[in-house]
Amino acid sequence: EGKGVHSAIISGFKKSTADALLVYPADDLINTIIIDSMYKSFKHGNDVVVASRFIRGGTMTGCPLLKNILVRCGSYSLYFLSCIPVMDASNGFRLFSKKLIDYVQIESNKGFTYSIELLVKCRRLGWKIGEVPAKWEERSAGTSRFKVMQWAPSYIKWYLYGLNTISIYFI
């Protein structure tokens, strides 16, 4: 339904009948080995399982300096300034429970912003979130279709919404 990566993923969410839904980047050739770990984490009660570059066992190699700084600052600040319990909030490689997908209304409509939105909403619901180590390598061929300037306002919206999560625990 519609055009672009966001529409494709949301259409897949709607049509799936599986209990767990995996969003796997098409250009990722090294992380197929962690899919079983992600599913095991889901079976242990997690409604979102994040593949993380920034926990023990995870790596990010070959990344340009500016991109590295932006990705790490965004993820770390969300972790340390909110109650979102993951170190890698920006990685789009995720497993979601169908229960979460069916329960919340996805409001975002651009790129991979649904990923941060679902993470924030899962936390606000008090549902469980897990994280498994992942490896990431900068692509050596082709060009990324990630449109940071086009999607930035939506990412920032959900990032700020995530930071606001902390206020719920003080009320």
# chains A, B, ... in the order shown; residues from 1 in each chain; ligands from 1
$ residues_around --residues "Asp36 (chain A)" --least-positions-apart "6" --cutoff "12 Å" --atoms "only C-alpha atoms" --output "ChimeraX atom specification"
/A:20,22,42-43,49,51,95,132
$ select_by_dssp --residues "region 2-160 of chain A" --states "strand (DSSP E)" --output "MDAnalysis selection string"
chainID A and resid 20:23 48:52 59:61 94:97 129:133 135:137
$ closest_residue --among "A:Ile30, A:Leu100, A:Val5, A:Ile106" --to "Thr59 (chain A)" --atoms "only C-alpha atoms"
A:Ile30
$ closest_residue --among "A:Val71, A:Leu29, A:Cys63, A:Ile9" --to "Asp88 (chain A)" --atoms "only C-alpha atoms"
A:Val71
$ select_by_dssp --residues "chain A" --states "helix (DSSP H, G or I)" --output "PyMOL selection string"
chain A and resi 4-15+32-43+65-81+98-103+113-125+148-163+165-168
$ decode --residues "region 22-58 of chain A" --atoms "N, CA and C atoms" --output "PDB file, in the first residue's frame"
ATOM      1  N   LEU A  22       9.875  -9.640  11.934  1.00  0.00           N
ATOM      2  CA  LEU A  22      11.264  -9.212  11.854  1.00  0.00           C
ATOM      3  C   LEU A  22      11.442  -8.243  10.701  1.00  0.00           C
ATOM      4  N   VAL A  23      12.053  -7.103  10.983  1.00  0.00           N
ATOM      5  CA  VAL A  23      12.429  -6.157   9.935  1.00  0.00           C
ATOM      6  C   VAL A  23      13.938  -6.270   9.807  1.00  0.00           C
ATOM      7  N   TYR A  24      14.371  -6.789   8.666  1.00  0.00           N
ATOM      8  CA  TYR A  24      15.785  -7.071   8.429  1.00  0.00           C
ATOM      9  C   TYR A  24      16.276  -6.254   7.244  1.00  0.00           C
ATOM     10  N   PRO A  25      17.329  -5.445   7.429  1.00  0.00           N
ATOM     11  CA  PRO A  25      17.845  -4.623   6.338  1.00  0.00           C
ATOM     12  C   PRO A  25      18.361  -5.482   5.175  1.00  0.00           C
ATOM     13  N   ALA A  26      17.937  -5.178   3.974  1.00  0.00           N
ATOM     14  CA  ALA A  26      18.301  -5.973   2.804  1.00  0.00           C
ATOM     15  C   ALA A  26      19.797  -5.947   2.513  1.00  0.00           C
ATOM     16  N   ASP A  27      20.502  -4.907   2.961  1.00  0.00           N
ATOM     17  CA  ASP A  27      21.937  -4.834   2.687  1.00  0.00           C
ATOM     18  C   ASP A  27      22.792  -5.400   3.824  1.00  0.00           C
ATOM     19  N   ASP A  28      22.176  -5.999   4.820  1.00  0.00           N
ATOM     20  CA  ASP A  28      22.904  -6.584   5.950  1.00  0.00           C
ATOM     21  C   ASP A  28      23.217  -8.042   5.631  1.00  0.00           C
ATOM     22  N   LEU A  29      24.479  -8.327   5.431  1.00  0.00           N
ATOM     23  CA  LEU A  29      24.886  -9.680   5.066  1.00  0.00           C
ATOM     24  C   LEU A  29      25.531 -10.440   6.214  1.00  0.00           C
ATOM     25  N   ILE A  30      25.663  -9.821   7.383  1.00  0.00           N
ATOM     26  CA  ILE A  30      26.418 -10.470   8.461  1.00  0.00           C
ATOM     27  C   ILE A  30      25.608 -10.832   9.703  1.00  0.00           C
ATOM     28  N   ASN A  31      24.363 -10.379   9.806  1.00  0.00           N
ATOM     29  CA  ASN A  31      23.623 -10.594  11.048  1.00  0.00           C
ATOM     30  C   ASN A  31      22.559 -11.688  11.005  1.00  0.00           C
ATOM     31  N   THR A  32      22.536 -12.469   9.970  1.00  0.00           N
ATOM     32  CA  THR A  32      21.548 -13.553   9.940  1.00  0.00           C
ATOM     33  C   THR A  32      21.744 -14.492  11.126  1.00  0.00           C
ATOM     34  N   ILE A  33      22.956 -14.569  11.643  1.00  0.00           N
ATOM     35  CA  ILE A  33      23.248 -15.486  12.749  1.00  0.00           C
ATOM     36  C   ILE A  33      22.598 -15.076  14.067  1.00  0.00           C
ATOM     37  N   ILE A  34      22.083 -13.847  14.180  1.00  0.00           N
ATOM     38  CA  ILE A  34      21.463 -13.442  15.451  1.00  0.00           C
ATOM     39  C   ILE A  34      19.940 -13.518  15.426  1.00  0.00           C
ATOM     40  N   ILE A  35      19.372 -13.899  14.312  1.00  0.00           N
ATOM     41  CA  ILE A  35      17.904 -13.974  14.235  1.00  0.00           C
ATOM     42  C   ILE A  35      17.348 -14.949  15.267  1.00  0.00           C
ATOM     43  N   ASP A  36      17.989 -16.093  15.445  1.00  0.00           N
ATOM     44  CA  ASP A  36      17.528 -17.052  16.454  1.00  0.00           C
ATOM     45  C   ASP A  36      17.597 -16.458  17.859  1.00  0.00           C
ATOM     46  N   SER A  37      18.637 -15.693  18.159  1.00  0.00           N
ATOM     47  CA  SER A  37      18.757 -15.044  19.471  1.00  0.00           C
ATOM     48  C   SER A  37      17.650 -14.019  19.679  1.00  0.00           C
ATOM     49  N   MET A  38      17.320 -13.297  18.625  1.00  0.00           N
ATOM     50  CA  MET A  38      16.244 -12.314  18.718  1.00  0.00           C
ATOM     51  C   MET A  38      14.916 -13.013  18.983  1.00  0.00           C
ATOM     52  N   TYR A  39      14.680 -14.114  18.286  1.00  0.00           N
ATOM     53  CA  TYR A  39      13.431 -14.850  18.478  1.00  0.00           C
ATOM     54  C   TYR A  39      13.368 -15.451  19.884  1.00  0.00           C
ATOM     55  N   LYS A  40      14.487 -15.925  20.374  1.00  0.00           N
ATOM     56  CA  LYS A  40      14.532 -16.480  21.736  1.00  0.00           C
ATOM     57  C   LYS A  40      14.190 -15.387  22.755  1.00  0.00           C
ATOM     58  N   SER A  41      14.705 -14.172  22.531  1.00  0.00           N
ATOM     59  CA  SER A  41      14.396 -13.045  23.408  1.00  0.00           C
ATOM     60  C   SER A  41      12.896 -12.727  23.361  1.00  0.00           C
ATOM     61  N   PHE A  42      12.319 -12.794  22.175  1.00  0.00           N
ATOM     62  CA  PHE A  42      10.879 -12.605  22.019  1.00  0.00           C
ATOM     63  C   PHE A  42      10.121 -13.688  22.802  1.00  0.00           C
ATOM     64  N   LYS A  43      10.554 -14.928  22.677  1.00  0.00           N
ATOM     65  CA  LYS A  43       9.880 -16.041  23.375  1.00  0.00           C
ATOM     66  C   LYS A  43       9.995 -15.905  24.896  1.00  0.00           C
ATOM     67  N   HIS A  44      10.985 -15.146  25.362  1.00  0.00           N
ATOM     68  CA  HIS A  44      11.133 -14.890  26.794  1.00  0.00           C
ATOM     69  C   HIS A  44      10.341 -13.663  27.242  1.00  0.00           C
ATOM     70  N   GLY A  45       9.449 -13.173  26.382  1.00  0.00           N
ATOM     71  CA  GLY A  45       8.520 -12.131  26.797  1.00  0.00           C
ATOM     72  C   GLY A  45       8.769 -10.727  26.290  1.00  0.00           C
ATOM     73  N   ASN A  46       9.757 -10.519  25.444  1.00  0.00           N
ATOM     74  CA  ASN A  46      10.024  -9.170  24.935  1.00  0.00           C
ATOM     75  C   ASN A  46       9.158  -8.863  23.718  1.00  0.00           C
ATOM     76  N   ASP A  47       8.537  -7.702  23.726  1.00  0.00           N
ATOM     77  CA  ASP A  47       7.677  -7.282  22.614  1.00  0.00           C
ATOM     78  C   ASP A  47       8.433  -6.531  21.537  1.00  0.00           C
ATOM     79  N   VAL A  48       9.601  -6.010  21.864  1.00  0.00           N
ATOM     80  CA  VAL A  48      10.525  -5.442  20.888  1.00  0.00           C
ATOM     81  C   VAL A  48      11.896  -6.009  21.220  1.00  0.00           C
ATOM     82  N   VAL A  49      12.590  -6.481  20.192  1.00  0.00           N
ATOM     83  CA  VAL A  49      13.966  -6.939  20.366  1.00  0.00           C
ATOM     84  C   VAL A  49      14.826  -6.149  19.385  1.00  0.00           C
ATOM     85  N   VAL A  50      15.797  -5.434  19.928  1.00  0.00           N
ATOM     86  CA  VAL A  50      16.658  -4.558  19.147  1.00  0.00           C
ATOM     87  C   VAL A  50      17.997  -5.240  18.896  1.00  0.00           C
ATOM     88  N   ALA A  51      18.443  -5.220  17.658  1.00  0.00           N
ATOM     89  CA  ALA A  51      19.798  -5.651  17.321  1.00  0.00           C
ATOM     90  C   ALA A  51      20.708  -4.462  17.617  1.00  0.00           C
ATOM     91  N   SER A  52      21.612  -4.624  18.574  1.00  0.00           N
ATOM     92  CA  SER A  52      22.387  -3.476  19.062  1.00  0.00           C
ATOM     93  C   SER A  52      23.865  -3.553  18.724  1.00  0.00           C
ATOM     94  N   ARG A  53      24.344  -2.455  18.165  1.00  0.00           N
ATOM     95  CA  ARG A  53      25.764  -2.303  17.871  1.00  0.00           C
ATOM     96  C   ARG A  53      26.537  -1.836  19.089  1.00  0.00           C
ATOM     97  N   PHE A  54      25.841  -1.359  20.123  1.00  0.00           N
ATOM     98  CA  PHE A  54      26.499  -0.654  21.214  1.00  0.00           C
ATOM     99  C   PHE A  54      26.426  -1.364  22.554  1.00  0.00           C
ATOM    100  N   ILE A  55      26.223  -2.669  22.552  1.00  0.00           N
ATOM    101  CA  ILE A  55      26.310  -3.446  23.785  1.00  0.00           C
ATOM    102  C   ILE A  55      27.461  -4.443  23.619  1.00  0.00           C
ATOM    103  N   ARG A  56      27.855  -5.090  24.704  1.00  0.00           N
ATOM    104  CA  ARG A  56      28.951  -6.060  24.656  1.00  0.00           C
ATOM    105  C   ARG A  56      28.674  -7.100  23.576  1.00  0.00           C
ATOM    106  N   GLY A  57      29.635  -7.272  22.684  1.00  0.00           N
ATOM    107  CA  GLY A  57      29.498  -8.212  21.586  1.00  0.00           C
ATOM    108  C   GLY A  57      29.063  -7.562  20.285  1.00  0.00           C
ATOM    109  N   GLY A  58      28.564  -6.342  20.348  1.00  0.00           N
ATOM    110  CA  GLY A  58      28.155  -5.608  19.150  1.00  0.00           C
ATOM    111  C   GLY A  58      29.296  -4.745  18.633  1.00  0.00           C
TER     112      GLY A  58
END
